[in-house]
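Written out below as structure tokens is the structure these notes cover.
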Amino acid sequence: MTQSLPTSKSVAIYCRCSTSSQDPETQLLELRKVAERNNWTICDEYIDRAISGIKGREERPEYDRLCKDITRRRFDLVAVFDASRISRSVKDLCIFIEEIKSKSVDLYLHTQGVDTSTPHGMALLQMIGIFSSLERELIKDRIQAGITRAQERGVKFGGPTNVGTGTKEAVKAVRDQSWSIRRTAKELGIGVGTLYKLQAQA
């Protein structure tokens with residue numbers, strides 16, 4: 001009796017290089033080999049060149065196209081050479097993972113050995129979620145520490161006339177957390193225009 005081959009999955013390959021001197025071909029070749037070994041059908045390849053992983057979706061055209069195709073569910077699985085190719089932020093990586101999970105699309109991370117279509121891969125994915133939660137708590141602690149230092153200096157949050165050194169310290173505590181200007185201003189209790197001025201001075 002002839003044994004039937006497993007059903008082929010349709011896969012999207014995503015690659016990203018941070019600088020123009022880097023070549024995505026190494027990532028592509030390895031992921032193509034993985035697809036061949038696993039009988040995956042490559043549906044499309046998405047390649048962002050000379051774009052940092054800290055850039056948002058709107059600044060990464062191929063990543064944006066990938067996300068749109070995930071919404072359309074053009075494929076069963078997204079294959080990436082390394083988790084850092086998706087994002088340098090654990091928080092953003094988890095947002096991406098939640099998005100593909102909501103569309104029933106799996107994720108393969110070659111370097112980390114994660115394949116969410118397997119029980120082992122799902123367990124590793126849950127660990128990533130735990131670290132993301134920890135990161136959010138650490139961010140909250142840093143923000144609160146900045147606000148506390150400002151209050152100890154006599155700064156009263158809520159108006160641009162109360163801006164002082166302590167407020168600037170609080171801004172420094174949150175400006176690298178990839179928050180929007182509006183959310184940061186709300187957390188610190190200052191106006192958006194004031195926050196822009198403080199960031200320029202920081």
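Ligands are numbered from 1 in the order shown, chains are lettered A, B, ... in the order of the structure tokens, and residues start at 1 in each chain.
Omitting Trp40 in chain A and its sequence neighbours fewer than 2 positions away, and counting only C-alpha atoms, the residues within 10 Å are Pro6, Thr7, Ser8, Lys9, Ser10, Val11, Ala12, Arg32, Lys33, Val34, Ala35, Glu36, Arg37, Asn38, Ile42, Cys43, Asp76 and Leu77 of chain A.
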Output the selection as a CSV table (one decimal), in the first residue's frame - C-alpha atoms for each residue.
```csv
chain,number,residue,atom,x,y,z
A,6,PRO,CA,1.3,15.0,4.0
A,7,THR,CA,-0.8,17.8,2.7
A,8,SER,CA,1.3,20.7,1.5
A,9,LYS,CA,1.1,24.0,3.5
A,10,SER,CA,1.2,27.3,1.7
A,11,VAL,CA,3.9,29.4,3.2
A,12,ALA,CA,5.0,33.1,3.0
A,32,ARG,CA,13.6,27.8,0.9
A,33,LYS,CA,15.4,24.7,1.9
A,34,VAL,CA,13.2,24.4,5.0
A,35,ALA,CA,10.1,24.7,2.8
A,36,GLU,CA,11.4,22.0,0.4
A,37,ARG,CA,12.2,19.6,3.3
A,38,ASN,CA,8.7,20.1,4.8
A,42,ILE,CA,6.0,29.0,-1.2
A,43,CYS,CA,3.1,31.4,-1.9
A,76,ASP,CA,-1.1,28.8,6.1
A,77,LEU,CA,2.2,29.8,7.7
```
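Relative to CA of Ile100 in chain A, CA of Cys67 in chain A is found at 8.4 Å.
Computed from the coordinates, the CA of Arg73 in chain A to CA of Thr41 in chain A distance equals 14.6 Å.
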task = Pick out the residues sitting within 10 Å of Gly53 in chain A, and hand them over as a PyMOL selection string; count only C-alpha atoms, and ignore anything fewer than 4 positions along from it in its own chain.
result = chain A and resi 16-18+48+57+60+84-89
inquiry  = Residues within 12 Å of Ser21 in chain A, please, as number ranges by chain. Count only C-alpha atoms; anything in the same chain fewer than 2 positions from it doesn't count.
reply    = A: 17-19, 23-24, 49-51
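The two atoms in question, CA of Thr116 in chain A and CA of Glu99 in chain A, are spaced 13.3 Å apart.
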inquiry  = Which of range 29-127 of chain A end up as helix (DSSP H, G or I) when DSSP is run on this backbone - answer as number ranges by chain?
reply    = A: 29-37, 57-59, 61-71, 83-86, 90-102, 119-127
inquiry  = List the spatial neighbours of Leu109 in chain A as a list of chain:residue names - criterion: any atom at most 12 Å away, only C-alpha atoms, same-chain residues fewer than 4 positions off excluded.
reply    = A:Ile13, A:Tyr14, A:Cys15, A:Gln27, A:Glu30, A:Leu31, A:Val34, A:Leu77, A:Val78, A:Ala79, A:Val80, A:Phe81, A:Asp82, A:Ala83, A:Ser84, A:Arg85, A:Ile86, A:Leu93, A:Ile97, A:Gly113, A:Val114, A:Asp115, A:Thr116, A:Ser117, A:Gly121, A:Met122, A:Leu124, A:Leu125
Using the selection just defined, write its residues with C-alpha atoms as a JSON list (two decimals), in the first residue's frame.
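Final output, part22.json:
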```json
[["chain", "number", "residue", "atom", "x", "y", "z"],
["A", 13, "ILE", "CA", 8.66, 33.89, 3.55],
["A", 14, "TYR", "CA", 9.56, 37.19, 5.22],
["A", 15, "CYS", "CA", 13.13, 38.56, 5.23],
["A", 27, "GLN", "CA", 17.93, 34.07, 4.83],
["A", 30, "GLU", "CA", 17.82, 28.67, 4.17],
["A", 31, "LEU", "CA", 14.07, 29.21, 4.36],
["A", 34, "VAL", "CA", 13.20, 24.37, 4.99],
["A", 77, "LEU", "CA", 2.20, 29.78, 7.65],
["A", 78, "VAL", "CA", 4.75, 32.62, 7.82],
["A", 79, "ALA", "CA", 8.41, 31.54, 7.78],
["A", 80, "VAL", "CA", 11.06, 33.90, 9.15],
["A", 81, "PHE", "CA", 14.78, 33.27, 9.64],
["A", 82, "ASP", "CA", 14.91, 34.87, 13.08],
["A", 83, "ALA", "CA", 12.42, 36.54, 15.43],
["A", 84, "SER", "CA", 14.44, 39.77, 15.27],
["A", 85, "ARG", "CA", 13.63, 40.00, 11.55],
["A", 86, "ILE", "CA", 10.01, 40.68, 12.54],
["A", 93, "LEU", "CA", 6.62, 40.55, 18.20],
["A", 97, "ILE", "CA", 1.88, 36.72, 16.88],
["A", 113, "GLY", "CA", 13.23, 26.49, 16.27],
["A", 114, "VAL", "CA", 9.64, 27.60, 16.77],
["A", 115, "ASP", "CA", 6.80, 26.17, 14.67],
["A", 116, "THR", "CA", 3.41, 27.08, 16.12],
["A", 117, "SER", "CA", 1.72, 24.32, 14.14],
["A", 121, "GLY", "CA", 6.15, 25.36, 19.16],
["A", 122, "MET", "CA", 2.98, 26.55, 20.87],
["A", 124, "LEU", "CA", 7.56, 28.19, 23.26],
["A", 125, "LEU", "CA", 5.14, 30.80, 21.98]]
```
